[in-house]
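Visitor: Enclosed is the structure file work_1.csv (CSV, C-alpha atoms).
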chain,number,residue,atom,x,y,z
R,1,MET,CA,20.1,4.4,5.1
R,2,MET,CA,18.7,1.1,4.2
R,3,VAL,CA,16.1,1.4,7.0
R,4,ALA,CA,15.0,4.8,5.5
R,5,GLU,CA,14.7,3.1,2.1
R,6,LEU,CA,12.5,0.3,3.5
R,7,LYS,CA,10.4,2.9,5.3
R,8,GLY,CA,10.0,4.7,2.0
R,9,VAL,CA,8.8,1.6,0.3
R,10,SER,CA,6.3,0.8,3.0
R,11,ASP,CA,5.1,4.4,2.8
R,12,ILE,CA,4.5,4.1,-0.9
R,13,MET,CA,2.6,0.9,-0.4
R,14,ALA,CA,0.3,2.4,2.2
R,15,ARG,CA,-0.4,5.5,0.1
R,16,MET,CA,-0.9,3.4,-3.0
R,17,GLN,CA,-3.4,1.2,-1.2
R,18,LEU,CA,-5.3,4.2,0.1
R,19,SER,CA,-5.5,5.9,-3.3
R,20,CYS,CA,-6.3,2.8,-5.3
R,21,TYR,CA,-8.9,1.6,-2.8
R,22,SER,CA,-10.8,4.9,-3.0
R,23,LYS,CA,-10.5,5.0,-6.8
R,24,CYS,CA,-11.3,1.4,-7.6
R,25,ILE,CA,-13.5,-0.1,-4.9
R,26,ALA,CA,-17.0,1.4,-4.9
R,27,ASN,CA,-18.7,-0.7,-2.3
R,28,VAL,CA,-18.5,-3.9,-0.4
R,29,LYS,CA,-21.7,-5.5,-1.5
R,30,GLU,CA,-19.7,-8.5,-2.7
R,31,GLU,CA,-16.7,-9.9,-0.8
R,32,LYS,CA,-14.9,-10.9,-4.0
R,33,LEU,CA,-13.2,-8.4,-6.2
R,34,SER,CA,-15.1,-8.1,-9.5
R,35,VAL,CA,-13.3,-8.3,-12.8
R,36,GLY,CA,-13.6,-4.6,-13.3
R,37,GLU,CA,-12.2,-3.9,-9.9
R,38,MET,CA,-9.3,-6.3,-10.5
R,39,SER,CA,-8.3,-4.6,-13.7
R,40,CYS,CA,-8.8,-1.2,-12.1
R,41,VAL,CA,-6.4,-2.2,-9.3
R,42,ASP,CA,-3.8,-3.6,-11.7
R,43,ARG,CA,-3.8,-0.3,-13.7
R,44,CYS,CA,-3.9,1.8,-10.6
R,45,VAL,CA,-0.7,0.2,-9.2
R,46,ASN,CA,1.0,0.6,-12.6
R,47,LYS,CA,0.0,4.2,-13.0
R,48,PHE,CA,0.9,5.0,-9.4
R,49,MET,CA,4.4,3.7,-9.8
R,50,ASP,CA,4.8,5.5,-13.2
R,51,VAL,CA,3.8,8.7,-11.4
R,52,HIS,CA,6.2,8.0,-8.7
R,53,GLN,CA,9.0,7.6,-11.2
R,54,LYS,CA,8.0,10.7,-13.2
R,55,VAL,CA,7.8,12.9,-10.2
R,56,GLY,CA,11.3,11.9,-9.3
R,57,VAL,CA,12.5,12.7,-12.8
R,58,GLU,CA,10.7,16.0,-12.9
R,59,LEU,CA,11.9,17.1,-9.5
R,60,GLN,CA,15.5,16.3,-10.5
R,61,ASN,CA,15.1,18.3,-13.7
R,62,SER,CA,13.5,21.3,-12.1
R,63,MET,CA,16.2,21.4,-9.3
R,64,ALA,CA,19.0,21.1,-11.9
R,65,GLN,CA,17.6,24.0,-14.0
R,66,GLN,CA,17.1,26.4,-11.1
R,67,PRO,CA,20.3,28.3,-10.4
R,68,PRO,CA,21.0,28.5,-6.6
R,69,ALA,CA,19.1,31.4,-5.0
R,70,ALA,CA,21.3,34.4,-4.6
R,71,GLU,CA,21.1,35.8,-1.1
G,72,MET,CA,12.2,-11.4,2.1
G,73,SER,CA,15.5,-10.7,0.5
G,74,ILE,CA,16.7,-7.1,0.8
G,75,PRO,CA,19.1,-5.9,-1.9
G,76,GLY,CA,22.4,-4.8,-0.4
G,77,MET,CA,22.0,-6.8,2.8
G,78,ASP,CA,25.0,-8.9,2.2
G,79,GLN,CA,27.2,-5.8,2.1
G,80,LEU,CA,26.4,-5.0,5.7
G,81,SER,CA,28.1,-6.3,8.8
G,82,GLN,CA,26.4,-8.9,10.9
G,83,ARG,CA,25.4,-6.3,13.5
G,84,ASP,CA,24.0,-3.9,10.9
G,85,GLN,CA,22.1,-6.7,9.3
G,86,MET,CA,20.5,-7.5,12.7
G,87,GLN,CA,19.6,-3.8,13.1
G,88,VAL,CA,17.9,-3.8,9.7
G,89,VAL,CA,15.9,-6.9,10.5
G,90,GLN,CA,14.8,-5.4,13.8
G,91,ALA,CA,13.7,-2.2,12.2
G,92,LEU,CA,11.9,-4.2,9.5
G,93,ASN,CA,10.0,-6.2,12.2
G,94,GLU,CA,9.0,-3.0,13.9
G,95,MET,CA,7.8,-1.5,10.7
G,96,GLN,CA,5.8,-4.6,9.9
G,97,MET,CA,4.1,-4.4,13.3
G,98,GLN,CA,3.3,-0.7,12.8
G,99,ASP,CA,2.0,-1.5,9.3
G,100,MET,CA,-0.3,-4.1,10.7
G,101,MET,CA,-1.6,-1.8,13.4
G,102,ASN,CA,-2.2,1.0,10.8
G,103,MET,CA,-3.9,-1.4,8.4
G,104,TYR,CA,-6.1,-2.7,11.2
G,105,ASN,CA,-7.2,0.7,12.3
G,106,THR,CA,-7.7,2.0,8.7
G,107,LEU,CA,-9.8,-1.1,8.0
G,108,VAL,CA,-12.0,-0.6,11.1
G,109,GLU,CA,-12.7,3.0,10.1
G,110,ARG,CA,-13.3,2.2,6.5
G,111,CYS,CA,-15.7,-0.8,7.2
G,112,PHE,CA,-17.5,1.2,9.9
G,113,ASN,CA,-18.1,4.1,7.6
G,114,GLU,CA,-19.2,1.8,4.8
G,115,CYS,CA,-21.4,-0.6,6.8
G,116,VAL,CA,-22.8,1.1,9.8
G,117,THR,CA,-25.5,3.5,8.6
G,118,SER,CA,-28.0,3.8,11.4
G,119,PHE,CA,-28.0,3.8,15.2
G,120,ARG,CA,-31.5,2.7,16.0
G,121,THR,CA,-30.1,-0.4,17.8
G,122,LYS,CA,-27.2,-0.5,20.2
G,123,GLY,CA,-25.5,-3.6,18.8
G,124,LEU,CA,-24.6,-4.4,15.2
G,125,GLU,CA,-27.5,-5.7,13.1
G,126,GLY,CA,-27.3,-8.9,11.1
G,127,HIS,CA,-26.8,-7.1,7.8
G,128,GLU,CA,-24.2,-4.8,9.3
G,129,GLU,CA,-22.2,-7.8,10.6
G,130,GLN,CA,-22.3,-9.5,7.2
G,131,CYS,CA,-21.2,-6.2,5.6
G,132,VAL,CA,-18.2,-6.0,7.9
G,133,THR,CA,-17.2,-9.6,7.0
G,134,ARG,CA,-17.4,-8.8,3.3
G,135,CYS,CA,-15.5,-5.6,3.9
G,136,VAL,CA,-12.6,-7.3,5.5
G,137,GLN,CA,-12.5,-10.2,3.0
G,138,LYS,CA,-12.6,-7.8,0.1
G,139,PHE,CA,-9.9,-5.6,1.5
G,140,MET,CA,-7.6,-8.6,2.1
G,141,SER,CA,-8.0,-9.8,-1.5
G,142,PHE,CA,-7.4,-6.2,-2.7
G,143,SER,CA,-4.4,-5.8,-0.5
G,144,GLN,CA,-2.8,-9.1,-1.8
G,145,ARG,CA,-3.4,-8.0,-5.3
G,146,VAL,CA,-1.8,-4.6,-4.8
G,147,SER,CA,1.3,-6.2,-3.2
G,148,LEU,CA,1.6,-8.7,-6.1
G,149,ARG,CA,1.4,-6.0,-8.8
G,150,PHE,CA,3.7,-3.7,-6.9
G,151,GLN,CA,6.4,-6.4,-6.7
G,152,GLU,CA,5.9,-7.2,-10.4
G,153,LYS,CA,6.2,-3.6,-11.3
G,154,GLN,CA,9.3,-3.1,-9.2
G,155,GLN,CA,11.0,-6.0,-10.9
G,156,GLN,CA,10.0,-4.6,-14.3
G,157,MET,CA,11.4,-1.2,-13.4
G,158,GLN,CA,14.6,-2.8,-12.2
G,159,LEU,CA,15.0,-4.5,-15.6
G,160,GLN,CA,14.3,-1.3,-17.5
G,161,LYS,CA,17.0,0.6,-15.6
G,162,PRO,CA,20.1,1.3,-17.8
G,163,ALA,CA,23.0,-0.6,-16.5
Could I get this structure in the form of structure tokens?
Guide:
Amino acid sequence: MMVAELKGVSDIMARMQLSCYSKCIANVKEEKLSVGEMSCVDRCVNKFMDVHQKVGVELQNSMAQQPPAAE
Amino acid sequence: MSIPGMDQLSQRDQMQVVQALNEMQMQDMMNMYNTLVERCFNECVTSFRTKGLEGHEEQCVTRCVQKFMSFSQRVSLRFQEKQQQMQLQKPA
């Protein structure tokens, strides 16, 4: 169970890196992160985690509201 | 890295978790490496008039890798901070 959790965390990290890179890093003309890129990354991580949390909550809510499907 | 809940596991289970973790880290490294290659290639190699990498393409790849490493470190840092923050916000 713990291994599954660890895998989940590593999966989040990978997806977050992918998303935030494409949203925040426009090009590699400079090898250093610019100030704008740095704040973008910070906000991106924060928002990604907030979305992660919110999706969890919404899923729980929608599953609780739906009555079990009648066969 | 301390994993919450580890001390509740038996010695043997702990070893299994550590093994799985090592395997995951290796896979993560491989994935990151391959992703990086693809990304830097797409970004930096724009023409094929020479067989080998041109000077500016080589420099671009160097910058690409360095930039990604800085980026990756920053993401990890913020992620850990956010996780700690979310832990504190959880109702007891």
Visitor: Measuring between only C-alpha atoms, which one of G:Gln79, G:Asn93, G:Gln98, G:Ser143 shows the shortest distance to chain R?
Guide: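 That would be G:Ser143, the residue with the smallest distance to chain R.
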Visitor: Per residue of chain R within 8 Å of chain G, which atom pair is closest and at what distance in Å (one decimal), using all atoms listed in the file, listed by chain and increasing number, as a Markdown table?
Guide:
| residue | atom | partner | partner_atom | distance |
| --- | --- | --- | --- | --- |
| R:Met2 | CA | G:Val88 | CA | 7.4 |
| R:Val3 | CA | G:Val88 | CA | 6.1 |
| R:Leu6 | CA | G:Leu92 | CA | 7.5 |
| R:Lys7 | CA | G:Met95 | CA | 7.4 |
| R:Ser10 | CA | G:Asp99 | CA | 8.0 |
| R:Met13 | CA | G:Ser147 | CA | 7.7 |
| R:Gln17 | CA | G:Val146 | CA | 7.0 |
| R:Tyr21 | CA | G:Phe142 | CA | 7.9 |
| R:Asn27 | CA | G:Glu114 | CA | 7.5 |
| R:Val28 | CA | G:Cys135 | CA | 5.5 |
| R:Lys29 | CA | G:Cys131 | CA | 7.2 |
| R:Glu30 | CA | G:Arg134 | CA | 6.4 |
| R:Glu31 | CA | G:Arg134 | CA | 4.3 |
| R:Lys32 | CA | G:Lys138 | CA | 5.6 |
| R:Leu33 | CA | G:Lys138 | CA | 6.4 |
| R:Val41 | CA | G:Val146 | CA | 6.9 |
| R:Asp42 | CA | G:Arg149 | CA | 6.4 |
| R:Val45 | CA | G:Phe150 | CA | 6.3 |
| R:Asn46 | CA | G:Lys153 | CA | 6.8 |
| R:Met49 | CA | G:Lys153 | CA | 7.7 |
Visitor: Tell me, in Å to one decimal, how far CA of Ala14 (chain R) is from CA of Met97 (chain G).
Guide: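 Computing the Euclidean distance for CA of Ala14 (chain R) and CA of Met97 (chain G) yields 13.6 Å.
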Visitor: What's the separation between CA of His52 (chain R) and CA of Lys23 (chain R), in Å to one decimal place?
Guide: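 About the pair CA of His52 (chain R) and CA of Lys23 (chain R): they are 17.1 Å apart.
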Visitor: Would you mind telling me which residue in R:Cys20, R:Arg15, R:Gly56, R:Ala4 lies nearest to Cys44 (chain R) when using only C-alpha atoms?
Guide: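 Nearest to Cys44 (chain R): R:Cys20.
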